[in-house]
>>> print(open('my_file_39.cif').read())   # mmCIF, C-alpha atoms and all ligand atoms
data_protein
#
loop_
_atom_site.label_atom_id
_atom_site.label_comp_id
_atom_site.auth_asym_id
_atom_site.auth_seq_id
_atom_site.Cartn_x
_atom_site.Cartn_y
_atom_site.Cartn_z
CA MET K 1 0.00 0.00 0.00
CA ARG K 2 1.37 3.40 -0.91
CA TRP K 3 0.28 7.00 -0.50
CA THR K 4 1.37 9.32 -3.27
CA MET K 5 0.47 12.97 -3.74
CA PRO K 6 0.45 15.15 -6.89
CA PRO K 7 3.40 17.49 -7.61
CA ASP K 8 1.43 20.54 -6.41
CA ARG K 9 1.51 19.09 -2.87
CA VAL K 10 5.27 19.58 -2.42
CA PRO K 11 5.53 21.85 0.67
CA GLU K 12 6.06 25.50 -0.31
CA ALA K 13 7.99 26.42 2.85
CA TRP K 14 10.71 24.68 4.86
CA PHE K 15 10.12 24.02 8.58
CA ASN K 16 12.71 25.69 10.85
CA ILE K 17 13.18 23.86 14.16
CA VAL K 18 15.75 26.34 15.55
CA PRO K 19 13.27 28.82 17.17
CA ARG K 20 11.29 25.89 18.61
CA LEU K 21 14.10 24.02 20.42
CA SER K 22 13.68 23.73 24.20
CA GLN K 23 17.30 24.84 24.68
CA PRO K 24 18.90 27.30 22.22
CA ILE K 25 21.60 25.95 19.97
CA ASP K 26 25.19 27.05 20.73
CA PRO K 27 26.60 29.32 17.97
CA PRO K 28 29.42 28.16 15.67
CA LEU K 29 32.84 29.54 16.67
CA HIS K 30 35.46 31.09 14.37
CA PRO K 31 38.35 28.57 14.01
CA GLY K 32 40.99 31.27 14.65
CA THR K 33 39.49 33.49 17.36
CA ARG K 34 37.10 30.93 18.91
CA GLN K 35 34.53 33.73 19.16
CA PRO K 36 31.01 33.26 17.71
CA ALA K 37 31.30 33.31 13.90
CA GLY K 38 29.25 36.05 12.20
CA PRO K 39 27.72 36.00 8.72
CA GLN K 40 30.79 37.80 7.27
CA ASP K 41 33.09 35.02 8.53
CA LEU K 42 31.14 32.49 6.48
CA ALA K 43 30.77 34.67 3.34
CA PRO K 44 33.90 33.34 1.53
CA LEU K 45 32.38 29.86 1.60
CA PHE K 46 28.59 30.20 1.30
CA PRO K 47 26.07 32.48 -0.45
CA MET K 48 24.45 35.01 1.92
CA ALA K 49 20.98 33.47 1.45
CA LEU K 50 22.24 30.19 2.97
CA ILE K 51 24.14 31.98 5.74
CA LEU K 52 20.95 33.80 6.70
CA GLN K 53 19.07 30.49 6.71
CA GLU K 54 21.83 29.02 8.90
CA VAL K 55 21.13 31.60 11.61
CA SER K 56 17.44 32.20 10.92
CA THR K 57 14.86 32.13 13.71
CA ASP K 58 11.88 32.42 11.34
CA PRO K 59 9.59 29.44 11.94
CA TRP K 60 9.01 28.89 8.19
CA ILE K 61 11.15 29.81 5.17
CA ASP K 62 9.62 30.00 1.68
CA ILE K 63 11.01 27.66 -0.97
CA PRO K 64 11.87 29.63 -4.14
CA GLY K 65 9.81 28.81 -7.25
CA PRO K 66 12.75 27.55 -9.39
CA VAL K 67 13.70 25.14 -6.57
CA LEU K 68 10.13 23.84 -6.31
CA ASP K 69 10.09 23.30 -10.08
CA VAL K 70 13.09 20.97 -9.78
CA LEU K 71 11.89 19.19 -6.62
CA ARG K 72 8.65 18.39 -8.46
CA LEU K 73 10.63 16.19 -10.88
CA TRP K 74 10.36 13.45 -8.22
CA ARG K 75 8.51 14.90 -5.21
CA PRO K 76 6.32 14.28 -3.29
CA THR K 77 8.02 10.93 -2.67
CA PRO K 78 5.76 7.99 -1.78
CA LEU K 79 4.90 6.87 1.74
CA ILE K 80 4.66 3.09 1.68
CA ARG K 81 3.41 0.56 4.21
CA ALA K 82 5.77 -2.42 4.53
CA ARG K 83 3.01 -5.02 4.84
CA ARG K 84 5.12 -7.97 3.72
CA LEU K 85 7.78 -7.23 6.32
CA GLU K 86 5.08 -6.85 8.99
CA GLN K 87 3.73 -10.27 8.04
CA ALA K 88 7.19 -11.87 8.05
CA LEU K 89 7.81 -10.47 11.54
CA ASP K 90 4.30 -11.42 12.68
CA THR K 91 4.06 -8.06 14.39
CA PRO K 92 1.04 -5.95 15.35
CA ALA K 93 3.15 -2.87 14.48
CA ARG K 94 2.27 -0.92 11.35
CA ILE K 95 5.48 -0.03 9.50
CA TYR K 96 5.58 2.93 7.09
CA TYR K 97 8.56 4.22 5.16
CA LYS K 98 9.18 7.44 3.29
CA ASP K 99 10.93 6.50 0.07
CA GLU K 100 13.64 9.04 -0.79
CA SER K 101 15.38 6.57 -3.12
CA VAL K 102 13.20 7.74 -6.04
CA SER K 103 15.19 10.96 -6.62
CA PRO K 104 17.43 11.18 -9.71
CA ALA K 105 20.54 10.56 -7.60
CA GLY K 106 18.84 7.75 -5.64
CA SER K 107 18.79 9.35 -2.19
CA HIS K 108 17.50 12.26 -0.11
CA LYS K 109 20.60 14.35 -0.91
CA PRO K 110 19.14 16.34 -3.86
CA ASN K 111 16.58 17.93 -1.47
CA THR K 112 19.36 20.25 -0.30
CA ALA K 113 21.72 20.04 -3.29
CA VAL K 114 19.10 21.72 -5.50
CA PRO K 115 18.53 24.81 -3.28
CA GLN K 116 22.27 25.08 -2.56
CA ALA K 117 23.07 25.16 -6.29
CA TYR K 118 20.20 27.61 -6.87
CA TYR K 119 21.29 30.15 -4.22
CA ASN K 120 24.92 30.00 -5.40
CA HIS K 121 23.81 30.60 -8.98
CA GLU K 122 21.63 33.55 -7.84
CA GLU K 123 24.69 35.11 -6.14
CA GLY K 124 26.73 34.88 -9.36
CA ILE K 125 28.96 31.99 -8.25
CA LYS K 126 30.22 29.85 -11.15
CA ARG K 127 31.79 26.88 -9.41
CA ILE K 128 31.16 24.77 -6.27
CA ALA K 129 33.69 22.56 -4.46
CA THR K 130 32.55 19.77 -2.17
CA GLU K 131 33.56 16.47 -0.60
CA THR K 132 31.91 13.10 -0.93
CA GLY K 133 32.33 9.79 0.88
CA ALA K 134 30.85 6.96 -1.12
CA GLY K 135 29.59 9.39 -3.76
CA GLN K 136 25.93 9.94 -2.84
CA TRP K 137 26.38 13.61 -2.01
CA GLY K 138 28.80 14.30 -4.85
CA SER K 139 26.40 12.83 -7.39
CA ALA K 140 23.44 14.79 -5.96
CA LEU K 141 25.38 18.06 -6.13
CA ALA K 142 26.70 17.36 -9.65
CA PHE K 143 23.10 16.72 -10.77
CA SER K 144 21.91 19.98 -9.17
CA CYS K 145 24.82 22.05 -10.53
CA SER K 146 24.08 20.78 -14.03
CA LEU K 147 20.55 22.22 -13.77
CA PHE K 148 21.79 25.70 -12.84
CA GLY K 149 24.85 25.85 -15.14
CA LEU K 150 27.48 25.60 -12.36
CA THR K 151 30.77 23.70 -12.47
CA CYS K 152 31.06 21.10 -9.70
CA LYS K 153 34.38 19.89 -8.29
CA VAL K 154 34.16 16.85 -6.01
CA TYR K 155 36.88 15.63 -3.63
CA MET K 156 36.06 11.96 -3.17
CA VAL K 157 37.47 9.91 -0.27
CA ARG K 158 40.26 7.93 -1.99
CA ALA K 159 39.15 4.46 -0.78
CA SER K 160 35.70 5.00 -2.38
CA TYR K 161 37.18 6.61 -5.49
CA GLN K 162 39.10 3.40 -6.09
CA GLN K 163 36.43 0.91 -5.00
CA LYS K 164 33.22 2.54 -6.26
CA PRO K 165 33.56 3.67 -9.87
CA TYR K 166 29.83 3.94 -10.60
CA ARG K 167 29.02 6.95 -8.41
CA ARG K 168 32.12 8.64 -9.80
CA LEU K 169 30.73 8.00 -13.26
CA MET K 170 27.36 9.47 -12.26
CA ILE K 171 29.15 12.65 -11.15
CA GLU K 172 30.98 12.79 -14.48
CA THR K 173 27.78 12.08 -16.43
CA TRP K 174 26.22 15.16 -14.82
CA GLY K 175 29.30 17.17 -15.80
CA GLY K 176 31.17 17.21 -12.46
CA GLU K 177 34.92 16.76 -11.99
CA VAL K 178 36.10 14.20 -9.40
CA VAL K 179 39.52 13.79 -7.80
CA PRO K 180 40.65 11.41 -5.03
CA SER K 181 41.24 12.94 -1.58
CA PRO K 182 43.45 13.75 0.27
CA VAL K 183 45.07 15.33 -2.78
CA ASP K 184 48.46 15.79 -1.11
CA GLN K 185 48.76 12.27 0.37
CA PRO K 186 48.41 9.75 -2.47
CA ASP K 187 48.93 6.77 -0.12
CA SER K 188 46.17 7.71 2.33
CA PRO K 189 42.75 6.02 1.99
CA GLY K 190 41.24 9.34 3.07
CA SER K 191 38.27 10.25 5.25
CA LEU K 192 35.31 12.62 5.04
CA GLY K 193 37.08 15.07 7.36
CA MET K 194 40.12 15.17 5.05
CA ALA K 195 37.97 15.61 1.94
CA ILE K 196 36.13 18.52 3.60
CA SER K 197 39.54 20.17 4.23
CA ASP K 198 40.43 19.76 0.52
CA ALA K 199 37.13 21.26 -0.64
CA VAL K 200 37.26 24.18 1.83
CA ARG K 201 40.84 24.97 0.73
CA ASP K 202 39.74 24.95 -2.91
CA ALA K 203 36.76 27.26 -2.28
CA GLY K 204 38.84 29.60 -0.11
CA SER K 205 41.43 30.03 -2.85
CA ARG K 206 39.11 31.14 -5.68
CA GLU K 207 36.78 34.12 -6.08
CA ASP K 208 34.38 32.26 -8.39
CA THR K 209 34.01 29.26 -6.07
CA HIS K 210 31.97 28.46 -3.00
CA TYR K 211 31.93 25.41 -0.75
CA SER K 212 28.92 23.19 -0.19
CA LEU K 213 28.22 20.70 2.61
CA GLY K 214 25.75 17.84 2.22
CA SER K 215 24.77 17.39 5.87
CA VAL K 216 25.32 18.64 9.45
CA LEU K 217 24.56 22.38 9.04
CA ASN K 218 21.23 23.95 10.04
CA HIS K 219 20.34 25.02 6.50
CA VAL K 220 20.88 21.48 5.20
CA LEU K 221 18.51 19.98 7.77
CA LEU K 222 16.07 22.81 7.01
CA HIS K 223 15.98 21.87 3.30
CA GLN K 224 15.41 18.23 4.18
CA THR K 225 12.23 18.97 6.17
CA VAL K 226 10.16 18.49 3.01
CA ILE K 227 10.51 14.77 3.86
CA GLY K 228 8.79 14.98 7.24
CA LEU K 229 6.23 17.57 6.14
CA GLU K 230 5.05 15.33 3.30
CA ALA K 231 5.15 12.24 5.53
CA LYS K 232 2.89 13.92 8.10
CA GLU K 233 0.27 14.63 5.45
CA GLN K 234 0.57 11.15 3.94
CA LEU K 235 0.18 9.45 7.34
CA GLN K 236 -3.14 11.28 7.69
CA LEU K 237 -4.14 9.95 4.26
CA ALA K 238 -3.23 6.49 5.53
CA GLY K 239 -5.61 7.00 8.45
CA GLU K 240 -2.91 7.33 11.12
CA GLU K 241 -3.23 10.12 13.65
CA LYS K 242 0.53 10.14 14.39
CA PRO K 243 3.51 7.76 14.47
CA ASP K 244 4.58 6.32 17.84
CA LEU K 245 8.17 6.07 16.67
CA VAL K 246 10.17 7.88 13.95
CA ILE K 247 13.48 6.27 12.94
CA GLY K 248 16.32 7.45 10.71
CA CYS K 249 19.92 6.47 10.10
CA CYS K 250 22.32 9.18 11.17
CA GLY K 251 25.62 10.16 9.55
CA GLY K 252 25.65 13.93 9.75
CA GLY K 253 21.94 13.89 10.57
CA SER K 254 20.25 15.34 7.50
CA ASN K 255 17.82 12.61 6.42
CA LEU K 256 16.95 11.87 10.05
CA GLY K 257 16.44 15.58 10.75
CA GLY K 258 14.41 16.02 7.58
CA LEU K 259 12.01 13.29 8.59
CA ALA K 260 11.93 13.83 12.36
CA LEU K 261 12.06 17.62 12.92
CA PRO K 262 8.41 18.28 11.96
CA PHE K 263 7.44 15.74 14.68
CA VAL K 264 9.54 17.21 17.52
CA ALA K 265 6.66 19.17 19.04
CA ASP K 266 4.21 16.25 18.82
CA GLU K 267 3.62 14.63 22.18
CA GLY K 268 4.04 10.88 22.36
CA VAL K 269 6.17 10.64 19.21
CA GLU K 270 9.46 8.96 20.02
CA LEU K 271 12.47 9.87 17.83
CA LEU K 272 15.37 7.47 17.21
CA ALA K 273 18.76 8.02 15.54
CA VAL K 274 20.61 4.93 14.32
CA GLU K 275 24.36 4.83 13.76
CA PRO K 276 27.11 2.24 13.17
CA THR K 277 28.98 0.90 16.24
CA SER K 278 32.25 1.61 14.40
CA CYS K 279 31.44 5.35 14.23
CA ALA K 280 29.08 5.72 17.17
CA THR K 281 29.09 9.48 17.54
CA LEU K 282 25.82 10.00 19.42
CA THR K 283 26.09 6.94 21.65
CA THR K 284 29.80 7.14 22.58
CA GLY K 285 31.03 10.60 21.50
CA LYS K 286 31.51 13.71 23.65
CA PHE K 287 29.15 16.70 23.49
CA GLU K 288 31.56 19.59 22.90
CA TYR K 289 32.83 22.10 20.35
CA ASP K 290 34.86 20.51 17.55
CA PHE K 291 35.94 21.22 13.98
CA GLY K 292 33.89 19.86 11.08
CA ASP K 293 37.02 18.77 9.18
CA THR K 294 40.37 17.11 9.91
CA ALA K 295 42.63 20.10 9.24
CA GLY K 296 40.67 22.48 11.51
CA LEU K 297 39.68 24.95 8.77
CA THR K 298 35.91 25.00 9.40
CA PRO K 299 34.11 26.80 12.25
CA LEU K 300 33.83 24.84 15.49
CA LEU K 301 30.37 23.33 16.01
CA SER K 302 28.68 22.34 19.25
CA MET K 303 27.97 18.64 18.69
CA TYR K 304 28.59 15.04 19.67
CA THR K 305 32.01 14.17 18.28
CA LEU K 306 34.58 11.39 18.27
CA GLY K 307 37.31 13.99 17.64
CA HIS K 308 38.04 15.65 14.30
CA ASP K 309 41.08 13.41 13.69
CA PHE K 310 39.09 10.19 14.22
CA VAL K 311 39.34 7.96 11.13
CA PRO K 312 36.52 5.40 11.20
CA PRO K 313 37.00 1.87 9.86
CA SER K 314 35.95 1.58 6.20
CA ILE K 315 32.50 0.08 6.65
CA HIS K 316 30.23 -0.02 3.60
CA ALA K 317 27.87 2.64 4.95
CA GLY K 318 30.27 5.37 3.80
CA GLY K 319 27.71 8.10 4.49
CA LEU K 320 27.68 7.23 8.22
CA ARG K 321 31.47 7.54 8.63
CA TYR K 322 31.59 11.06 10.03
CA HIS K 323 33.23 12.02 13.33
CA GLY K 324 30.57 14.60 14.27
CA ASP K 325 26.82 15.20 14.02
CA ALA K 326 24.48 18.03 13.20
CA PRO K 327 24.25 20.56 16.06
CA ILE K 328 20.43 20.29 15.81
CA ILE K 329 20.46 16.49 16.21
CA SER K 330 23.10 16.76 18.96
CA ASN K 331 20.91 19.30 20.77
CA LEU K 332 17.86 17.00 20.59
CA VAL K 333 19.83 14.00 21.90
CA HIS K 334 21.51 16.09 24.61
CA THR K 335 18.17 17.42 25.86
CA GLY K 336 16.63 13.94 25.82
CA ARG K 337 14.08 14.59 23.05
CA MET K 338 15.74 12.03 20.75
CA ARG K 339 17.28 8.64 21.51
CA ALA K 340 20.19 7.01 19.70
CA SER K 341 21.26 3.41 19.17
CA ALA K 342 24.10 1.69 17.31
CA TYR K 343 24.39 -1.56 15.34
CA ASN K 344 27.30 -3.47 13.88
CA GLN K 345 27.69 -4.05 10.16
CA THR K 346 26.70 -7.74 10.13
CA ALA K 347 23.42 -7.14 11.96
CA VAL K 348 22.66 -4.29 9.54
CA PHE K 349 23.20 -6.42 6.45
CA GLU K 350 21.10 -9.27 7.86
CA ALA K 351 18.28 -6.72 8.15
CA ALA K 352 18.92 -5.44 4.60
CA ILE K 353 18.64 -8.98 3.23
CA GLN K 354 15.43 -9.63 5.16
CA TRP K 355 14.04 -6.40 3.73
CA ALA K 356 15.07 -7.22 0.15
CA ARG K 357 13.51 -10.68 0.43
CA THR K 358 10.19 -9.38 1.76
CA GLN K 359 9.70 -5.86 0.39
CA GLY K 360 11.78 -6.37 -2.76
CA THR K 361 13.93 -3.24 -2.88
CA ILE K 362 17.67 -3.26 -2.10
CA PRO K 363 18.50 -0.52 0.43
CA ALA K 364 21.67 1.56 0.71
CA PRO K 365 23.88 0.28 3.56
CA GLU K 366 23.16 3.54 5.42
CA THR K 367 19.40 3.03 5.08
CA ALA K 368 19.75 -0.55 6.31
CA HIS K 369 20.66 0.83 9.75
CA ALA K 370 17.18 2.35 10.00
CA ILE K 371 15.67 -0.91 8.76
CA LYS K 372 17.50 -2.90 11.47
CA ALA K 373 16.17 -0.58 14.19
CA THR K 374 12.68 -0.78 12.68
CA ILE K 375 12.74 -4.59 12.73
CA ASP K 376 13.86 -4.56 16.38
CA ALA K 377 11.09 -2.12 17.33
CA ALA K 378 8.49 -4.20 15.47
CA LEU K 379 9.65 -7.36 17.27
CA GLN K 380 9.45 -5.56 20.60
CA ALA K 381 5.88 -4.48 19.73
CA ARG K 382 5.08 -8.16 19.12
CA GLU K 383 6.48 -9.13 22.52
CA GLU K 384 4.50 -6.37 24.21
CA GLY K 385 1.40 -7.05 22.09
CA LYS K 386 1.26 -3.35 21.10
CA GLU K 387 -0.13 -1.85 17.87
CA LYS K 388 2.76 0.53 17.34
CA VAL K 389 2.94 2.87 14.32
CA ILE K 390 6.55 3.03 13.10
CA LEU K 391 7.73 5.50 10.46
CA PHE K 392 11.25 5.24 9.08
CA GLY K 393 13.30 7.04 6.45
CA TYR K 394 14.28 5.02 3.40
CA SER K 395 17.15 7.38 2.60
CA GLY K 396 18.50 5.70 -0.53
CA HIS K 397 18.74 2.61 -2.73
CA GLY K 398 21.71 0.25 -2.71
CA LEU K 399 21.90 -0.56 -6.41
CA LEU K 400 25.42 0.85 -6.62
CA ASP K 401 26.45 -0.86 -3.36
CA LEU K 402 26.21 -4.42 -4.59
CA GLN K 403 29.86 -5.10 -3.72
CA ALA K 404 28.84 -4.74 -0.09
CA TYR K 405 26.05 -7.30 -0.60
CA ASP K 406 28.53 -9.64 -2.32
CA ASP K 407 30.88 -9.31 0.67
CA PHE K 408 28.01 -10.16 3.03
CA LEU K 409 26.69 -13.07 0.98
CA THR K 410 30.15 -14.62 0.59
CA GLY K 411 31.03 -14.20 4.27
CA LYS K 412 33.71 -11.56 3.69
CA LEU K 413 32.02 -8.69 5.50
CA ALA K 414 33.85 -7.35 8.57
CA GLY K 415 31.55 -7.47 11.59
CA THR K 416 32.67 -4.09 12.97
C1 LIG A 501 21.62 6.89 1.39
C2 LIG A 501 22.19 7.69 2.53
N1 LIG A 501 21.57 7.66 3.72
C3 LIG A 501 22.05 8.36 4.76
C4 LIG A 501 23.22 9.09 4.67
C5 LIG A 501 23.72 9.79 5.89
O1 LIG A 501 23.74 11.17 5.81
P1 LIG A 501 22.77 12.05 6.69
O2 LIG A 501 22.94 11.59 8.11
O3 LIG A 501 23.21 13.43 6.47
O4 LIG A 501 21.39 11.81 6.20
C6 LIG A 501 23.90 9.17 3.45
C7 LIG A 501 25.11 9.98 3.30
O5 LIG A 501 25.85 9.92 2.37
C8 LIG A 501 23.36 8.44 2.36
O6 LIG A 501 23.98 8.47 1.17
#
>>> encode(input="my_file_39.cif", output="structure tokens")
Amino acid sequence: MRWTMPPDRVPEAWFNIVPRLSQPIDPPLHPGTRQPAGPQDLAPLFPMALILQEVSTDPWIDIPGPVLDVLRLWRPTPLIRARRLEQALDTPARIYYKDESVSPAGSHKPNTAVPQAYYNHEEGIKRIATETGAGQWGSALAFSCSLFGLTCKVYMVRASYQQKPYRRLMIETWGGEVVPSPVDQPDSPGSLGMAISDAVRDAGSREDTHYSLGSVLNHVLLHQTVIGLEAKEQLQLAGEEKPDLVIGCCGGGSNLGGLALPFVADEGVELLAVEPTSCATLTTGKFEYDFGDTAGLTPLLSMYTLGHDFVPPSIHAGGLRYHGDAPIISNLVHTGRMRASAYNQTAVFEAAIQWARTQGTIPAPETAHAIKATIDAALQAREEGKEKVILFGYSGHGLLDLQAYDDFLTGKLAGT
């Protein structure tokens, strides 16, 4: 069963959680002075429209018409009830998922890549530099840049650049240029933190270039709230008053934030972040100021962090290998509004296989973390005999991650 809506039902404003948080969010600090960073400090890297969104306390922010026109290529995304999984688990829980894998790039990432490319284009910027782990973000930004006539330069974590040629080819198909990172250490497998340093250096050195980040920052989570806003409306169409539990995998926190933030004020709705045990930022990290990148070039953010020089093991869920977390997600976990849990890679792939063999689709390894937590919650509902309504974010498909499935099926997957 699925609930779709026509293109004219894409939300026309983004939902801003910042003015509604129970405790205000700590401001970013300038990396040199360690004083609160003002809009002018961020201007070499981002267009002013995004900087103003980053610090905005307006409860709603209008989505520009040209952005809506592009989002309507695939939005609203479907809300689907996972009946076959429910039956396989013999659970009284009703499981719904919001399918973000239907975007051109195959994940939720274009929801923010499109407005980021648009605002840069409006400010006269010609070129954007960014980082990418496994290639999901890089491909989403290359797609978006191609629509607004911008050049896109992607610093791709070297291990993925070598192991995952297909996302690299997607970036090139959309006209982007990809290089392995770190650029100055050809023997290093790289990390997201190092690739961010490369991209920030590039943007800082050229007048025509800005930097773009695919997760973590307030404006990125803001753009992703179309997911949760649509899901709320679709749940009503499905006859559900509200979900009991909202689940999302969490790397930097953007798909989880996009789905969960519109539910924060709703009483009785539990929110759950799911992360890998090998990069368990929310469940084992410290809540403190830290840099967003390895070299210490970005502003310091108040977040859960494993330390900016932490290099996570190379698990297949490349998008969850980040040492920090969005300040908004960190704030919600710190104040107790959101819970977090962690799973190891083997358990996650067992869940992905169970999903593929009941629901049919093959999830991204990142998404499979949310599926694992959903299965556990549905089994708990069975034990308790409770009719729980579970909503989770299906953040992307895994059709370009089949090597990971091969590793699992042939017993070669590390259990980290
Ligand atoms: C399919 C998918 N899901 C989830 C994530 C995690 O990112 P975030 O926590 O920002 O949603 C990524 C990041 O690359 C991804 O590609």
>>> residues_near_point(input="my_file_39.cif", point="(8.0, 15.4, -11.4)", cutoff="12 Å", atoms="all atoms listed in the file", output="NGL selection string")
:K and (5-10 or 68-77 or 102-104)
>>> closest_atom_pairs(input="my_file_39.cif", of="segment 148-239 of chain K", to="segment 123-131 of chain K", cutoff="8 Å", atoms="all atoms listed in the file", output="CSV")
residue,atom,partner,partner_atom,distance
K:Gly149,CA,K:Lys126,CA,7.8
K:Leu150,CA,K:Lys126,CA,5.2
K:Thr151,CA,K:Arg127,CA,4.5
K:Cys152,CA,K:Ile128,CA,5.0
K:Lys153,CA,K:Ala129,CA,4.7
K:Val154,CA,K:Thr130,CA,5.1
K:Tyr155,CA,K:Glu131,CA,4.6
K:Met156,CA,K:Glu131,CA,5.8
K:Val157,CA,K:Glu131,CA,7.6
K:Leu192,CA,K:Glu131,CA,7.0
K:Ala195,CA,K:Glu131,CA,5.2
K:Ile196,CA,K:Glu131,CA,5.3
K:Asp198,CA,K:Glu131,CA,7.7
K:Ala199,CA,K:Thr130,CA,5.1
K:Val200,CA,K:Ala129,CA,7.4
K:Asp202,CA,K:Ala129,CA,6.7
K:Ala203,CA,K:Ala129,CA,6.0
K:Asp208,CA,K:Ile125,CA,5.4
K:Thr209,CA,K:Arg127,CA,4.7
K:His210,CA,K:Ile128,CA,5.0
K:Tyr211,CA,K:Ala129,CA,5.0
K:Ser212,CA,K:Thr130,CA,5.4
K:Leu213,CA,K:Thr130,CA,6.5
>>> closest_atom_pairs(input="my_file_39.cif", of="chain K", to="ligand LIG 501 (chain A)", cutoff="8 Å", atoms="only C-alpha atoms and all ligand atoms", output="tab-separated table")
residue	atom	partner	partner_atom	distance
K:Ser101	CA	A:LIG501	C1	7.7
K:Gly106	CA	A:LIG501	C1	7.6
K:Ser107	CA	A:LIG501	C1	5.2
K:His108	CA	A:LIG501	C1	6.9
K:Lys109	CA	A:LIG501	O6	7.1
K:Thr132	CA	A:LIG501	O5	7.6
K:Gly133	CA	A:LIG501	O5	6.7
K:Ala134	CA	A:LIG501	O5	6.8
K:Gly135	CA	A:LIG501	O5	7.2
K:Gln136	CA	A:LIG501	O6	4.7
K:Trp137	CA	A:LIG501	O5	5.8
K:Gly214	CA	A:LIG501	O3	6.6
K:Ser215	CA	A:LIG501	O3	4.3
K:Val216	CA	A:LIG501	O3	6.4
K:Cys249	CA	A:LIG501	C3	6.1
K:Cys250	CA	A:LIG501	O2	3.9
K:Gly251	CA	A:LIG501	O2	3.4
K:Gly252	CA	A:LIG501	O2	3.9
K:Gly253	CA	A:LIG501	O2	3.5
K:Ser254	CA	A:LIG501	O3	3.7
K:Asn255	CA	A:LIG501	O4	3.7
K:Leu256	CA	A:LIG501	O4	5.9
K:Gly257	CA	A:LIG501	O4	7.7
K:Ala317	CA	A:LIG501	C6	7.8
K:Gly318	CA	A:LIG501	O5	6.5
K:Gly319	CA	A:LIG501	O5	3.4
K:Leu320	CA	A:LIG501	C5	5.3
K:Asp325	CA	A:LIG501	O2	7.9
K:Ala364	CA	A:LIG501	C1	5.4
K:Pro365	CA	A:LIG501	C1	7.3
K:Glu366	CA	A:LIG501	N1	4.7
K:Thr367	CA	A:LIG501	N1	5.3
K:Tyr394	CA	A:LIG501	N1	7.8
K:Ser395	CA	A:LIG501	N1	4.6
K:Gly396	CA	A:LIG501	C1	3.9
K:His397	CA	A:LIG501	C1	6.6
K:Gly398	CA	A:LIG501	C1	7.8
>>> closest_residue(input="my_file_39.cif", among="K:Asn16, K:Thr91, K:Thr361, K:Ser191", to="Glu383 of chain K", atoms="only C-alpha atoms")
K:Thr91
>>> closest_residue(input="my_file_39.cif", among="K:Ser314, K:Thr374, K:Thr4, K:Gln162", to="Leu245 of chain K", atoms="only C-alpha atoms")
K:Thr374
>>> atom_distance(input="my_file_39.cif", atom1="atom CA of His334 of chain K", atom2="atom CA of Leu259 of chain K")
18.8 Å
>>> closest_atom_pairs(input="my_file_39.cif", of="segment 76-162 of chain K", to="segment 345-356 of chain K", cutoff="10 Å", atoms="only C-alpha atoms", output="CSV")
residue,atom,partner,partner_atom,distance
K:Ala82,CA,K:Trp355,CA,9.2
K:Arg84,CA,K:Trp355,CA,9.1
K:Leu85,CA,K:Trp355,CA,6.8
K:Ala88,CA,K:Gln354,CA,9.0
K:Leu89,CA,K:Gln354,CA,10.0
>>> closest_residue(input="my_file_39.cif", among="K:Cys279, K:Ala373, K:Met1, K:Leu45", to="Gln234 of chain K", atoms="only C-alpha atoms")
K:Met1
>>> closest_residue(input="my_file_39.cif", among="K:Gln380, K:Phe15, K:Met194, K:Ala404", to="Tyr322 of chain K", atoms="all atoms listed in the file")
K:Met194
>>> build_atoms(input="my_file_39.cif", residues="segment 310-319 of chain K", atoms="N, CA and C atoms", output="PDB file, in the frame of the given file")
ATOM      1  N   PHE K 310      39.513  11.603  14.174  1.00  0.00           N
ATOM      2  CA  PHE K 310      39.090  10.190  14.220  1.00  0.00           C
ATOM      3  C   PHE K 310      38.882   9.675  12.790  1.00  0.00           C
ATOM      4  N   VAL K 311      39.537   8.560  12.461  1.00  0.00           N
ATOM      5  CA  VAL K 311      39.340   7.960  11.130  1.00  0.00           C
ATOM      6  C   VAL K 311      38.601   6.642  11.323  1.00  0.00           C
ATOM      7  N   PRO K 312      37.316   6.613  10.953  1.00  0.00           N
ATOM      8  CA  PRO K 312      36.520   5.400  11.200  1.00  0.00           C
ATOM      9  C   PRO K 312      36.932   4.256  10.286  1.00  0.00           C
ATOM     10  N   PRO K 313      36.707   3.009  10.726  1.00  0.00           N
ATOM     11  CA  PRO K 313      37.000   1.870   9.860  1.00  0.00           C
ATOM     12  C   PRO K 313      36.177   1.973   8.568  1.00  0.00           C
ATOM     13  N   SER K 314      36.681   1.389   7.461  1.00  0.00           N
ATOM     14  CA  SER K 314      35.950   1.580   6.200  1.00  0.00           C
ATOM     15  C   SER K 314      34.797   0.596   6.050  1.00  0.00           C
ATOM     16  N   ILE K 315      33.746   0.843   6.812  1.00  0.00           N
ATOM     17  CA  ILE K 315      32.500   0.080   6.650  1.00  0.00           C
ATOM     18  C   ILE K 315      31.835   0.511   5.339  1.00  0.00           C
ATOM     19  N   HIS K 316      30.868  -0.318   4.884  1.00  0.00           N
ATOM     20  CA  HIS K 316      30.230  -0.020   3.600  1.00  0.00           C
ATOM     21  C   HIS K 316      29.282   1.174   3.655  1.00  0.00           C
ATOM     22  N   ALA K 317      28.759   1.478   4.831  1.00  0.00           N
ATOM     23  CA  ALA K 317      27.870   2.640   4.950  1.00  0.00           C
ATOM     24  C   ALA K 317      28.733   3.904   5.001  1.00  0.00           C
ATOM     25  N   GLY K 318      29.325   4.253   3.853  1.00  0.00           N
ATOM     26  CA  GLY K 318      30.270   5.370   3.800  1.00  0.00           C
ATOM     27  C   GLY K 318      29.668   6.675   4.306  1.00  0.00           C
ATOM     28  N   GLY K 319      28.375   6.861   4.087  1.00  0.00           N
ATOM     29  CA  GLY K 319      27.710   8.100   4.490  1.00  0.00           C
ATOM     30  C   GLY K 319      27.533   8.224   5.999  1.00  0.00           C
TER      31      GLY K 319
END
